[in-house]
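Have a look at the structure below, then the notes.
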There are 2 protein chains.
Amino acid sequence: MKTNSCDCGTCRHKLCAQRVPIFSGLNEEELSHVADLIQRRQYLKGEIIQLEGSDADCLTIINQGKVKAFRYTQEGKEQILYLFSEGDFFGESNLFGGKEAAYHAEALEQTSICMIARNDFQELVRRYPEISLKIIGALCTRLERLETTIQNMGTRSVEGRISSVLLEFAEKYGVKGSKGILITLPFSREGMASYIGIARETISRKLTLLQDAGIIEMVGNKRILLLNEEALRRELD
Amino acid sequence: MKTNSCDCGTCRHKLCAQRVPIFSGLNEEELSHVADLIQRRQYLKGEIIQLEGSDADCLTIINQGKVKAFRYTQEGKEQILYLFSEGDFFGESNLFGGKEAAYHAEALEQTSICMIARNDFQELVRRYPEISLKIIGALCTRLERLETTIQNMGTRSVEGRISSVLLEFAEKYGVKGSKGILITLPFSREGMASYIGIARETISRKLTLLQDAGIIEMVGNKRILLLNEEALRRELD
DNA sequence: TAAAAACTGTGACCGGGATCATAATTTCAT
DNA sequence: ATGAAATTATGATCCCGGTCACAGTTTTTA
């Protein structure tokens, strides 16, 4: 088991600050300053990190693990908005909009996060303006993703949406093997359905079809072997 | 007819810079500096301001008018992503992500815009860090809107989506009268359908139902009188 | 102001995906 | 390893909204 956490109490989470894109570009001394302000926390799978509507006033950066951000529709269905991984952050709207948390956040596996309080962060931004440029860049990327998601949902081609999610996971979590790309899914079927915005049964059926077509191969419930990436790409509408 | 444009050539668009939230917080002299960098342009209804995929490298701020941002799905259907009004801006991803334009932008009526070139803007941000905080705030707001849109689209309750759009327009463009709120719609039915992500015929039918229920009253094609706001709010899922 | 063009409303029909029910499978705990 | 619990697959049915067709209206243009 590799130890990529730092509990020595001396380095003051410099590791965490270093690996976060937001702070790339800062030098050693500046990073040290940032690290002073960081508070770290650990969560187990299934634990809630943030409650929608709460007024947590800190920026949360994911150091290790995966986090899903979601809301409940009035019918009680869960709608997943984001899947955050190492280096991603959330809670920015708490800081800048001054509003309450826009969604629930739940650890999908053992997860360690870094938190920076609102006031500390605002000061950081003033002292190191490049940070805000990085944040703007990250927000733009996120906007683009949502824009594409909306475009896809509007199109209503369920096959296309499933293909696009599989490709996304392949890129983020896939491992190339001799037969194809082995994807360890971050979600159960239920989760994937909620991420895509369709019913669980539907995704089961479509995945079966993809398997019958020889494009994928399901390995247990949590892994999918992508045999024919090109074919999947052609499904994208 | 009120004259809220400035063509004197002397004030150098200070008006424009002033009314834009991004630059609120700057003083007279700073605004003047900003105004120096601004280039102004006019568009008629239907004219294209930005082409998806083009590498326009400037931030565009809407001074007056309305602009729709949209993409085409592979089936050729138009999907409207944003409706921008006075004070809104777009093109930020061109500046920060360094990528190409993420969508088409078209004037919905006579529209005047202010443009700032990439380099000029980057310099502005460095000189006045508050600007980037304002931008981050605006991006967060936009993200929240998209998040809600996605949540709505996932829910697939068409009634709810229509109600939410009507309420949005009522707030932005509504005028209170004795009988209710008179909304001048920024879109045709086609446009509303594309904004919501449903078929034109469906929105016609649903609006007729709402009218039969006494909740709204259609006034010609371009206006809707909102008689019972509460009832509409209850439709929101 | 009249004709043309664009937009909107409505009926008929159809299909994809939601829902419900149940069986099969996988995962987990002991 | 084995039974229990959770997850997934699959069949049957239903219904909402898309699509097509066409009529009615509004808006534009000359």
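Residue numbers start at 1 in each chain; chains themselves are named A, B, ... in the order of the structure tokens; ligands are numbered from 1 in the order shown.
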
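Once the Cα atoms of chain A are best fitted to those of chain B, pair by pair, the RMSD stands at 0.1 Å.
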
Using only C-alpha atoms (C1' of nucleotides), find which residues of chain A lie within 8 Å of chain D and jot them down as a PDB file with N, CA and C atoms, in the first residue's frame.
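New file out.pdb:
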```pdb
ATOM      1  N   ARG A 189     -24.591   0.927 -11.237  1.00  0.00           N
ATOM      2  CA  ARG A 189     -25.517   1.228 -12.345  1.00  0.00           C
ATOM      3  C   ARG A 189     -26.452   2.368 -11.942  1.00  0.00           C
ATOM      4  N   SER A 204     -28.999  -0.666 -18.037  1.00  0.00           N
ATOM      5  CA  SER A 204     -28.714  -2.106 -18.082  1.00  0.00           C
ATOM      6  C   SER A 204     -28.938  -2.640 -19.491  1.00  0.00           C
ATOM      7  N   ARG A 205     -30.099  -2.321 -20.006  1.00  0.00           N
ATOM      8  CA  ARG A 205     -30.436  -2.829 -21.351  1.00  0.00           C
ATOM      9  C   ARG A 205     -29.442  -2.352 -22.386  1.00  0.00           C
ATOM     10  N   ASN A 221     -19.755  -6.324 -11.735  1.00  0.00           N
ATOM     11  CA  ASN A 221     -20.615  -5.153 -11.760  1.00  0.00           C
ATOM     12  C   ASN A 221     -19.840  -3.844 -11.813  1.00  0.00           C
TER      13      ASN A 221
END
```

- Task: From segment 53-162 of chain A, collect each residue whose DSSP state is strand (DSSP E or B) and return the set as JSON, numbers by chain.
- Result: {"A": [58, 59, 60, 61, 62, 63, 64, 67, 68, 69, 70, 71, 72, 78, 79, 80, 81, 82, 83, 84, 89, 90, 104, 105, 106, 107, 111, 112, 113, 114, 115, 116, 117]}

- Message: Let's see if you can do this: from backbone DSSP, list all alpha helix (DSSP H) residues in segment 151-186 of chain A, as JSON, numbers by chain.
- Response: {"A": [151, 152, 153, 154, 155, 158, 159, 160, 161, 162, 163, 164, 165, 166, 167, 168, 169, 170, 171, 172, 173]}

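Considering the residues B:Met192, B:Leu185, B:Ile80, B:Leu207 and counting only C-alpha atoms, chain A has its shortest atom-to-atom contact with B:Ile80.
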
With chain B as the partner and 8 Å as the cut-off, tabulate the residues of chain A that qualify, each row holding the nearest pair of atoms and their distance in Å to one decimal, using only C-alpha atoms, sorted by chain and rising number, as a tab-separated table.
```
residue	atom	partner	partner_atom	distance
A:Arg71	CA	B:Gln151	CA	7.6
A:Thr73	CA	B:Thr155	CA	6.7
A:Gln74	CA	B:Asp237	CA	5.8
A:Glu75	CA	B:Asp237	CA	7.6
A:Gln79	CA	B:Gln151	CA	6.3
A:Leu81	CA	B:Glu147	CA	6.8
A:Glu92	CA	B:Cys140	CA	7.5
A:Ser93	CA	B:Cys140	CA	5.6
A:Phe96	CA	B:Gly137	CA	5.2
A:Gly97	CA	B:Gly137	CA	5.4
A:Ala102	CA	B:Glu144	CA	7.2
A:Arg126	CA	B:Pro129	CA	6.7
A:Pro129	CA	B:Pro129	CA	6.3
A:Ser132	CA	B:Ser132	CA	6.4
A:Leu133	CA	B:Ser132	CA	7.2
A:Ile135	CA	B:Ile136	CA	7.6
A:Ile136	CA	B:Ile136	CA	6.0
A:Gly137	CA	B:Phe96	CA	5.3
A:Leu139	CA	B:Leu139	CA	6.9
A:Cys140	CA	B:Ser93	CA	5.6
A:Thr141	CA	B:Gly97	CA	7.2
A:Leu143	CA	B:Leu143	CA	6.2
A:Glu144	CA	B:Ala102	CA	7.3
A:Leu146	CA	B:Leu146	CA	6.6
A:Glu147	CA	B:Leu81	CA	6.8
A:Thr149	CA	B:Ile150	CA	7.8
A:Ile150	CA	B:Ile150	CA	6.3
A:Gln151	CA	B:Gln79	CA	6.3
A:Asn152	CA	B:Thr73	CA	7.9
A:Met153	CA	B:Met153	CA	7.0
A:Gly154	CA	B:Gly197	CA	4.8
A:Thr155	CA	B:Thr73	CA	6.5
A:Ile196	CA	B:Gly154	CA	7.9
A:Gly197	CA	B:Gly154	CA	4.7
A:Ile198	CA	B:Gly154	CA	7.2
A:Asp237	CA	B:Gln74	CA	6.2
```

Keeping C-alpha atoms for every residue in the selection just given, could you write it to a file as a PDB file, in the first residue's frame?
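After the write, part_18.pdb holds the following:
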```
ATOM      1  CA  ARG A  71     -29.187  16.968  -5.645  1.00  0.00           C
ATOM      2  CA  THR A  73     -35.385  16.102  -7.459  1.00  0.00           C
ATOM      3  CA  GLN A  74     -38.768  16.693  -5.889  1.00  0.00           C
ATOM      4  CA  GLU A  75     -39.717  13.141  -6.736  1.00  0.00           C
ATOM      5  CA  GLN A  79     -29.421  13.682  -9.844  1.00  0.00           C
ATOM      6  CA  LEU A  81     -24.133  16.837 -11.176  1.00  0.00           C
ATOM      7  CA  GLU A  92     -16.375  28.042  -4.642  1.00  0.00           C
ATOM      8  CA  SER A  93     -19.864  29.481  -4.835  1.00  0.00           C
ATOM      9  CA  PHE A  96     -17.840  34.131  -4.010  1.00  0.00           C
ATOM     10  CA  GLY A  97     -21.556  34.128  -4.433  1.00  0.00           C
ATOM     11  CA  ALA A 102     -25.586  24.255  -4.160  1.00  0.00           C
ATOM     12  CA  ARG A 126      -5.505  39.131  -3.293  1.00  0.00           C
ATOM     13  CA  PRO A 129      -3.763  37.027  -8.335  1.00  0.00           C
ATOM     14  CA  SER A 132      -7.948  33.542  -9.427  1.00  0.00           C
ATOM     15  CA  LEU A 133      -6.945  33.161 -13.047  1.00  0.00           C
ATOM     16  CA  ILE A 135      -9.888  29.289 -10.793  1.00  0.00           C
ATOM     17  CA  ILE A 136     -11.530  31.104 -13.654  1.00  0.00           C
ATOM     18  CA  GLY A 137      -9.951  28.625 -16.011  1.00  0.00           C
ATOM     19  CA  LEU A 139     -14.718  27.200 -13.812  1.00  0.00           C
ATOM     20  CA  CYS A 140     -14.712  27.699 -17.566  1.00  0.00           C
ATOM     21  CA  THR A 141     -13.825  24.058 -18.068  1.00  0.00           C
ATOM     22  CA  LEU A 143     -19.048  25.291 -17.623  1.00  0.00           C
ATOM     23  CA  GLU A 144     -18.067  23.719 -20.903  1.00  0.00           C
ATOM     24  CA  LEU A 146     -22.180  21.296 -18.309  1.00  0.00           C
ATOM     25  CA  GLU A 147     -22.922  22.982 -21.613  1.00  0.00           C
ATOM     26  CA  THR A 149     -24.145  17.774 -20.961  1.00  0.00           C
ATOM     27  CA  ILE A 150     -27.142  20.012 -21.575  1.00  0.00           C
ATOM     28  CA  GLN A 151     -26.662  19.735 -25.281  1.00  0.00           C
ATOM     29  CA  ASN A 152     -26.591  15.959 -24.927  1.00  0.00           C
ATOM     30  CA  MET A 153     -29.621  15.822 -22.684  1.00  0.00           C
ATOM     31  CA  GLY A 154     -31.508  18.031 -25.091  1.00  0.00           C
ATOM     32  CA  THR A 155     -30.681  15.662 -27.893  1.00  0.00           C
ATOM     33  CA  ILE A 196     -26.771  10.399 -17.143  1.00  0.00           C
ATOM     34  CA  GLY A 197     -30.311  11.203 -16.131  1.00  0.00           C
ATOM     35  CA  ILE A 198     -32.078   8.003 -17.165  1.00  0.00           C
ATOM     36  CA  ASP A 237     -24.756  10.905 -32.155  1.00  0.00           C
TER      37      ASP A 237
END
```

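Going from atom CA of Ile215 of chain B over to atom C1' of DA12 of chain C, you cover 27.9 Å.
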
Report the closest atom pair, with its distance in Å rounded to one decimal, for each residue of segment 166-229 of chain A that has an atom no farther than 12 Å from segment 19-22 of chain C; count only C-alpha atoms (C1' of nucleotides), sort by chain and then rising residue number, and write it as CSV.
```
residue,atom,partner,partner_atom,distance
A:Ala199,CA,C:DT19,C1',9.3
A:Arg200,CA,C:DT19,C1',10.9
A:Glu201,CA,C:DT19,C1',9.6
A:Thr202,CA,C:DT19,C1',11.0
```

Write the residues of the preceding selection, restricted to N, CA, C and O atoms, as a PDB file, in the first residue's frame.
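This is the output file out.pdb:
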```pdb
ATOM      1  N   ALA A 199     -33.196   5.978 -16.415  1.00  0.00           N
ATOM      2  CA  ALA A 199     -33.543   4.953 -15.437  1.00  0.00           C
ATOM      3  C   ALA A 199     -32.475   3.863 -15.418  1.00  0.00           C
ATOM      4  O   ALA A 199     -31.845   3.579 -16.430  1.00  0.00           O
ATOM      5  N   ARG A 200     -32.323   3.271 -14.255  1.00  0.00           N
ATOM      6  CA  ARG A 200     -31.318   2.223 -14.088  1.00  0.00           C
ATOM      7  C   ARG A 200     -31.556   1.072 -15.059  1.00  0.00           C
ATOM      8  O   ARG A 200     -30.628   0.528 -15.658  1.00  0.00           O
ATOM      9  N   GLU A 201     -32.804   0.698 -15.229  1.00  0.00           N
ATOM     10  CA  GLU A 201     -33.112  -0.414 -16.121  1.00  0.00           C
ATOM     11  C   GLU A 201     -32.677  -0.122 -17.548  1.00  0.00           C
ATOM     12  O   GLU A 201     -32.199  -1.009 -18.257  1.00  0.00           O
ATOM     13  N   THR A 202     -32.837   1.118 -17.935  1.00  0.00           N
ATOM     14  CA  THR A 202     -32.488   1.472 -19.309  1.00  0.00           C
ATOM     15  C   THR A 202     -30.998   1.300 -19.556  1.00  0.00           C
ATOM     16  O   THR A 202     -30.587   0.769 -20.587  1.00  0.00           O
TER      17      THR A 202
END
```

Given only C-alpha atoms (C1' of nucleotides), how would the per-residue table for chain C near chain B read, listing every residue at most 10 Å away with its closest atom pair and distance in Å to one decimal, sorted by chain and number, as CSV?
```
residue,atom,partner,partner_atom,distance
C:DC7,C1',B:Ser188,CA,8.1
C:DT8,C1',B:Ser204,CA,7.5
C:DG9,C1',B:Ser204,CA,6.8
C:DT10,C1',B:Arg205,CA,8.2
```

- Message: If we count only C-alpha atoms (C1' of nucleotides) and set the cut-off at 12 Å, which residues sit around segment 222-224 of chain A, ignoring sequence neighbours fewer than 3 positions away in its own chain? Please answer as a ChimeraX atom specification.
- Response: /A:166-167,169-170,173-176,179-192,207-208,210-211,215-219,227-228 /C:26-27 /D:7-8
